[in-house]
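Participant: So here's my_file.txt (compact mmCIF, C-alpha atoms).
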# COMPACT_ATOMS: atom_id res chain seq x y z
CA MET A 1 72.62 96.14 73.49
CA ALA A 2 72.75 95.84 77.27
CA GLY A 3 72.27 92.67 79.24
CA ASN A 4 69.32 92.58 81.63
CA VAL A 5 69.70 89.51 83.86
CA GLY A 6 70.60 87.14 81.03
CA ARG A 7 68.56 88.73 78.24
CA GLU A 8 69.38 91.41 75.72
CA VAL A 9 67.36 94.60 75.73
CA PRO A 10 68.18 97.99 74.21
CA GLY A 11 70.45 100.17 76.27
CA THR A 12 68.10 103.16 76.48
CA MET A 13 64.48 103.57 77.50
CA VAL A 14 63.81 105.45 74.24
CA GLU A 15 64.50 102.22 72.34
CA ARG A 16 62.27 100.25 74.69
CA LEU A 17 59.15 102.31 73.97
CA ILE A 18 57.06 101.00 71.06
CA VAL A 19 54.44 103.45 69.81
CA ALA A 20 51.35 101.79 68.36
CA LEU A 21 50.24 103.67 65.26
CA ASP A 22 46.59 102.76 65.84
CA LEU A 23 45.14 105.50 63.66
CA ALA A 24 42.40 105.72 61.08
CA SER A 25 44.53 105.87 57.94
CA ILE A 26 47.99 105.33 56.52
CA ALA A 27 48.38 109.07 56.04
CA GLU A 28 47.65 109.72 59.72
CA ALA A 29 50.04 106.95 60.81
CA GLU A 30 52.82 108.29 58.64
CA ALA A 31 52.26 111.83 59.87
CA MET A 32 52.40 110.62 63.47
CA ALA A 33 55.63 108.70 62.87
CA GLU A 34 57.19 111.82 61.37
CA ARG A 35 55.89 113.96 64.20
CA LEU A 36 57.60 111.63 66.67
CA ALA A 37 60.88 111.55 64.74
CA GLY A 38 63.74 112.08 67.13
CA GLU A 39 61.61 111.04 70.11
CA VAL A 40 60.69 107.44 69.20
CA SER A 41 62.50 104.85 67.07
CA PHE A 42 60.20 101.80 67.34
CA PHE A 43 56.67 101.69 65.88
CA LYS A 44 53.88 99.10 65.80
CA LEU A 45 51.45 98.44 62.97
CA GLY A 46 48.37 96.46 63.97
CA LEU A 47 45.53 94.79 62.11
CA GLY A 48 43.68 98.08 61.66
CA LEU A 49 46.26 99.30 59.14
CA LEU A 50 47.77 96.09 57.75
CA PHE A 51 44.93 95.90 55.22
CA ALA A 52 44.78 99.61 54.42
CA PRO A 53 45.68 101.03 50.99
CA GLY A 54 49.25 102.29 51.05
CA VAL A 55 50.51 100.06 53.87
CA ASP A 56 53.32 98.70 51.67
CA GLY A 57 54.86 102.15 51.34
CA LEU A 58 54.46 102.84 55.05
CA ILE A 59 56.28 99.62 55.94
CA ALA A 60 59.13 100.61 53.63
CA ARG A 61 59.39 104.06 55.16
CA LEU A 62 59.21 102.82 58.76
CA THR A 63 62.10 100.41 58.23
CA ARG A 64 64.40 103.13 56.88
CA ASP A 65 66.91 105.24 58.79
CA GLY A 66 67.43 102.83 61.67
CA ARG A 67 63.80 102.76 62.80
CA ARG A 68 62.35 99.46 63.97
CA LEU A 69 58.98 98.00 63.01
CA PHE A 70 56.73 95.70 65.04
CA LEU A 71 54.13 93.92 62.88
CA ASP A 72 51.39 93.01 65.32
CA ALA A 73 49.83 90.45 62.98
CA LYS A 74 48.87 87.95 65.71
CA LEU A 75 49.30 85.16 63.16
CA TYR A 76 46.93 82.26 63.71
CA ASP A 77 46.62 79.84 60.80
CA ILE A 78 47.95 76.53 59.53
CA PRO A 79 51.73 76.29 59.90
CA GLU A 80 52.44 76.57 56.16
CA THR A 81 50.53 79.84 55.89
CA VAL A 82 52.25 81.21 58.99
CA SER A 83 55.64 80.22 57.55
CA ARG A 84 54.97 82.17 54.36
CA ALA A 85 53.86 85.25 56.26
CA VAL A 86 56.94 85.21 58.51
CA THR A 87 59.28 84.77 55.54
CA ILE A 88 57.77 87.86 53.88
CA ALA A 89 57.89 89.89 57.10
CA ALA A 90 61.57 89.06 57.51
CA ALA A 91 62.28 90.09 53.93
CA ARG A 92 60.52 93.41 54.50
CA GLY A 93 62.89 94.30 57.33
CA ALA A 94 60.47 94.01 60.25
CA SER A 95 62.11 93.69 63.66
CA LEU A 96 59.32 91.88 65.51
CA ILE A 97 56.16 89.94 64.62
CA THR A 98 53.50 88.36 66.81
CA VAL A 99 51.98 84.89 66.50
CA HIS A 100 49.41 83.19 68.69
CA GLY A 101 50.68 80.80 71.34
CA ASP A 102 49.82 77.53 69.58
CA ARG A 103 52.83 75.19 69.63
CA ARG A 104 52.76 74.31 65.93
CA ILE A 105 52.28 77.93 64.89
CA MET A 106 55.15 79.12 67.05
CA ALA A 107 57.47 76.39 65.80
CA ALA A 108 56.60 77.17 62.17
CA ALA A 109 57.27 80.88 62.70
CA VAL A 110 60.66 80.26 64.32
CA ALA A 111 61.71 77.90 61.53
CA ALA A 112 60.60 80.32 58.80
CA ARG A 113 62.49 83.22 60.36
CA GLY A 114 65.77 81.40 59.77
CA ALA A 115 68.83 83.62 60.25
CA ALA A 116 66.94 86.90 59.77
CA PRO A 117 67.01 89.36 62.70
CA LEU A 118 63.20 89.23 62.94
CA GLN A 119 62.11 88.37 66.49
CA ILE A 120 59.12 86.09 67.11
CA PHE A 121 56.89 87.04 70.05
CA ALA A 122 53.98 84.85 71.13
CA VAL A 123 50.68 86.32 72.27
CA THR A 124 49.69 84.87 75.65
CA VAL A 125 46.40 86.42 76.85
CA LEU A 126 45.04 89.65 75.39
CA THR A 127 44.94 92.52 77.89
CA SER A 128 41.23 92.94 77.11
CA LEU A 129 40.58 89.57 78.79
CA ASP A 130 40.35 88.87 82.49
CA ASP A 131 39.53 85.69 84.45
CA ALA A 132 35.78 86.17 84.00
CA ALA A 133 36.11 86.59 80.24
CA LEU A 134 38.28 83.48 79.98
CA ALA A 135 35.78 81.48 82.02
CA GLU A 136 33.02 82.61 79.67
CA MET A 137 35.13 81.29 76.77
CA GLY A 138 35.41 77.90 78.46
CA VAL A 139 39.00 78.28 79.66
CA GLY A 140 39.39 76.45 82.95
CA VAL A 141 42.41 78.33 84.32
CA SER A 142 43.10 81.91 85.38
CA ALA A 143 44.65 84.48 83.05
CA GLN A 144 47.87 84.27 85.07
CA GLU A 145 48.11 80.49 84.75
CA LEU A 146 47.30 80.58 81.02
CA VAL A 147 50.00 83.22 80.47
CA ARG A 148 52.58 81.02 82.19
CA ARG A 149 51.59 77.92 80.24
CA ARG A 150 51.86 79.75 76.94
CA ALA A 151 55.12 81.40 77.98
CA ARG A 152 56.62 77.99 78.71
CA ALA A 153 55.42 76.70 75.33
CA ALA A 154 56.91 79.76 73.61
CA VAL A 155 60.32 79.10 75.15
CA GLU A 156 60.16 75.44 74.13
CA ALA A 157 59.30 76.47 70.56
CA GLY A 158 62.28 78.83 70.37
CA CYS A 159 60.41 82.14 70.38
CA ASP A 160 62.35 85.24 71.37
CA GLY A 161 59.67 86.62 73.63
CA ILE A 162 56.03 86.92 74.56
CA ILE A 163 53.36 89.58 74.86
CA ALA A 164 52.04 89.77 78.41
CA ALA A 165 50.45 92.37 80.65
CA ALA A 166 52.49 94.01 83.39
CA ALA A 167 49.77 92.79 85.77
CA ASP A 168 50.92 89.26 84.89
CA ASP A 169 54.33 90.20 86.41
CA PRO A 170 57.03 89.59 83.77
CA ASN A 171 59.72 88.81 86.37
CA ALA A 172 57.44 86.26 88.04
CA ILE A 173 56.69 84.64 84.66
CA ARG A 174 60.40 84.16 83.99
CA ARG A 175 61.00 82.72 87.45
CA ALA A 176 58.04 80.36 87.21
CA ILE A 177 59.19 78.84 83.92
CA GLY A 178 62.95 79.09 84.51
CA ALA A 179 63.61 81.34 81.51
CA GLU A 180 65.44 84.50 82.50
CA HIS A 181 66.38 85.08 78.84
CA LEU A 182 62.73 85.49 77.75
CA LEU A 183 61.90 88.94 76.42
CA ILE A 184 58.51 90.39 77.36
CA ALA A 185 56.67 93.20 75.63
CA THR A 186 53.85 94.75 77.59
CA PRO A 187 50.72 96.42 76.20
CA GLY A 188 47.97 97.93 78.33
CA ILE A 189 50.22 100.77 79.49
CA ARG A 190 48.45 103.82 80.82
CA PRO A 191 49.87 106.82 82.70
CA ALA A 192 48.06 107.29 86.00
CA ALA A 193 45.63 109.91 84.70
CA SER A 194 44.75 108.11 81.45
CA SER A 195 41.58 106.25 80.50
CA ALA A 196 41.67 102.45 80.63
CA ASP A 197 39.86 102.23 77.25
CA ASP A 198 39.26 98.51 76.53
CA HIS A 199 42.11 97.08 78.62
CA GLN A 200 41.34 95.11 81.78
CA ARG A 201 44.88 94.36 83.03
CA LEU A 202 46.67 97.72 83.12
CA ALA A 203 49.86 99.21 84.53
CA THR A 204 51.67 102.53 84.57
CA PRO A 205 54.98 102.79 82.67
CA ARG A 206 56.88 102.90 85.97
CA ALA A 207 55.16 99.78 87.32
CA ALA A 208 55.66 97.83 84.08
CA ILE A 209 59.40 98.47 83.98
CA ALA A 210 59.73 97.74 87.69
CA ARG A 211 58.03 94.36 87.16
CA GLY A 212 60.50 93.42 84.43
CA ALA A 213 58.90 94.45 81.14
CA ASP A 214 61.50 94.83 78.38
CA TYR A 215 59.35 96.79 75.92
CA LEU A 216 56.27 98.92 76.54
CA VAL A 217 53.67 99.17 73.79
CA VAL A 218 51.77 102.45 74.04
CA GLY A 219 49.14 103.74 71.64
CA ARG A 220 46.36 106.13 72.56
CA PRO A 221 48.09 107.90 75.48
CA ILE A 222 50.62 109.12 72.89
CA VAL A 223 48.91 109.24 69.49
CA ALA A 224 45.69 110.78 70.88
CA ALA A 225 47.51 113.31 73.08
CA PRO A 226 47.37 117.04 72.23
CA ASP A 227 51.19 116.96 72.06
CA PRO A 228 52.31 113.40 71.16
CA SER A 229 56.02 114.24 71.45
CA ALA A 230 55.57 115.60 74.97
CA ALA A 231 53.48 112.56 75.91
CA ALA A 232 56.20 110.22 74.62
CA ARG A 233 58.88 112.09 76.54
CA ALA A 234 56.83 111.92 79.73
CA ILE A 235 56.39 108.16 79.40
CA ILE A 236 60.10 107.63 78.67
CA ALA A 237 60.94 109.70 81.76
CA GLU A 238 58.61 107.57 83.89
CA MET A 239 60.20 104.39 82.49
CA ALA A 240 63.65 105.73 83.38
CA ALA A 241 62.50 106.61 86.89
CA ALA A 242 61.67 102.95 87.52
Go ahead and express the file in the form of structure tokens.
Facilitator:
Amino acid sequence: MAGNVGREVPGTMVERLIVALDLASIAEAEAMAERLAGEVSFFKLGLGLLFAPGVDGLIARLTRDGRRLFLDAKLYDIPETVSRAVTIAAARGASLITVHGDRRIMAAAVAARGAAPLQIFAVTVLTSLDDAALAEMGVGVSAQELVRRRARAAVEAGCDGIIAAAADDPNAIRRAIGAEHLLIATPGIRPAASSADDHQRLATPRAAIARGADYLVVGRPIVAAPDPSAAARAIIAEMAAA
């Protein structure tokens, strides 16, 4: 691992790219992971596949051979239920799991993780939400302010990192809350020529790394590309150029 201003991030950009296996079936996700073998070592499973038949076997296969697994469960429940889920995720060999930024939920997740190498990342504000959407939900602060409040709460709860958009400026978040050690994983990554899909707060791979993102989470620009391996290589090259 290499230090990055007081925090530990992988030493290569290859290890800092997380490919979201947001596909229609377990078979397609497994085929994509195998297709990207040698190019990518970190994969994300989201809610779309966590309930699919065969997910148990996929989790086992993705945690073999040095690959890392991000379970994007976005846990939001009573602390006891969250504790049980985190304990199981740790036992399955997952490297990272997400919980929502509620103080009690985050504290329960950190306690349940114990000495396992599983990292706890708190969700701040989904990249599909902007200030107008938050206002419609009754939230009285901007997306940027809400991200910073939840980031501060995550640090206080002992979380390893947060999920935040590059547009929220990871380096600025750390400075604002005095937490240079905080890891930040960034979704909503789109190469310049890509579609925005349902994200509102986007950034290119180069911009995200330049703003201090530690991990980039990329789905459709890779898994929906005609040549996923080439798409992954192009994104890694752009990350390195930053």
Participant: In Å, how far is it from atom CA of Leu146 of chain A to atom CA of Ala132 of chain A?
Facilitator: 13.1 Å
Participant: Which residue out of A:Leu126, A:Ala108, A:Ile26, A:Ile59 has the minimum interatomic distance to Gly93 of chain A when only C-alpha atoms are used?
Facilitator: A:Ile59
Participant: Which is closest to Glu30 of chain A among A:Val223, A:Arg233, A:Met106, A:Phe121, if we use all atoms listed in the file?
Facilitator: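 Among A:Val223, A:Arg233, A:Met106, A:Phe121, it is A:Val223 that comes nearest to Glu30 of chain A.
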Participant: Taking only C-alpha atoms into account, which of A:Arg174, A:Arg149, A:Arg92, A:Lys74 comes nearest Ile120 of chain A?
Facilitator: A:Lys74
Participant: I'd like to know which of A:Arg220, A:Arg211, A:Arg7, A:Arg64 is closest to Gly161 of chain A, using all atoms listed in the file.
Facilitator: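 Smallest distance to Gly161 of chain A is found for A:Arg7.
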Participant: Restricting the calculation to only C-alpha atoms, which member of A:Val82, A:Ala203, A:Leu23, A:Ala210 is positioned closest to Leu47 of chain A?
Facilitator: A:Leu23
Participant: Any idea what the distance is between atom CA of Val40 of chain A and atom CA of Arg16 of chain A?
Facilitator: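 Value for the atom CA of Val40 of chain A-atom CA of Arg16 of chain A distance: 9.2 Å.
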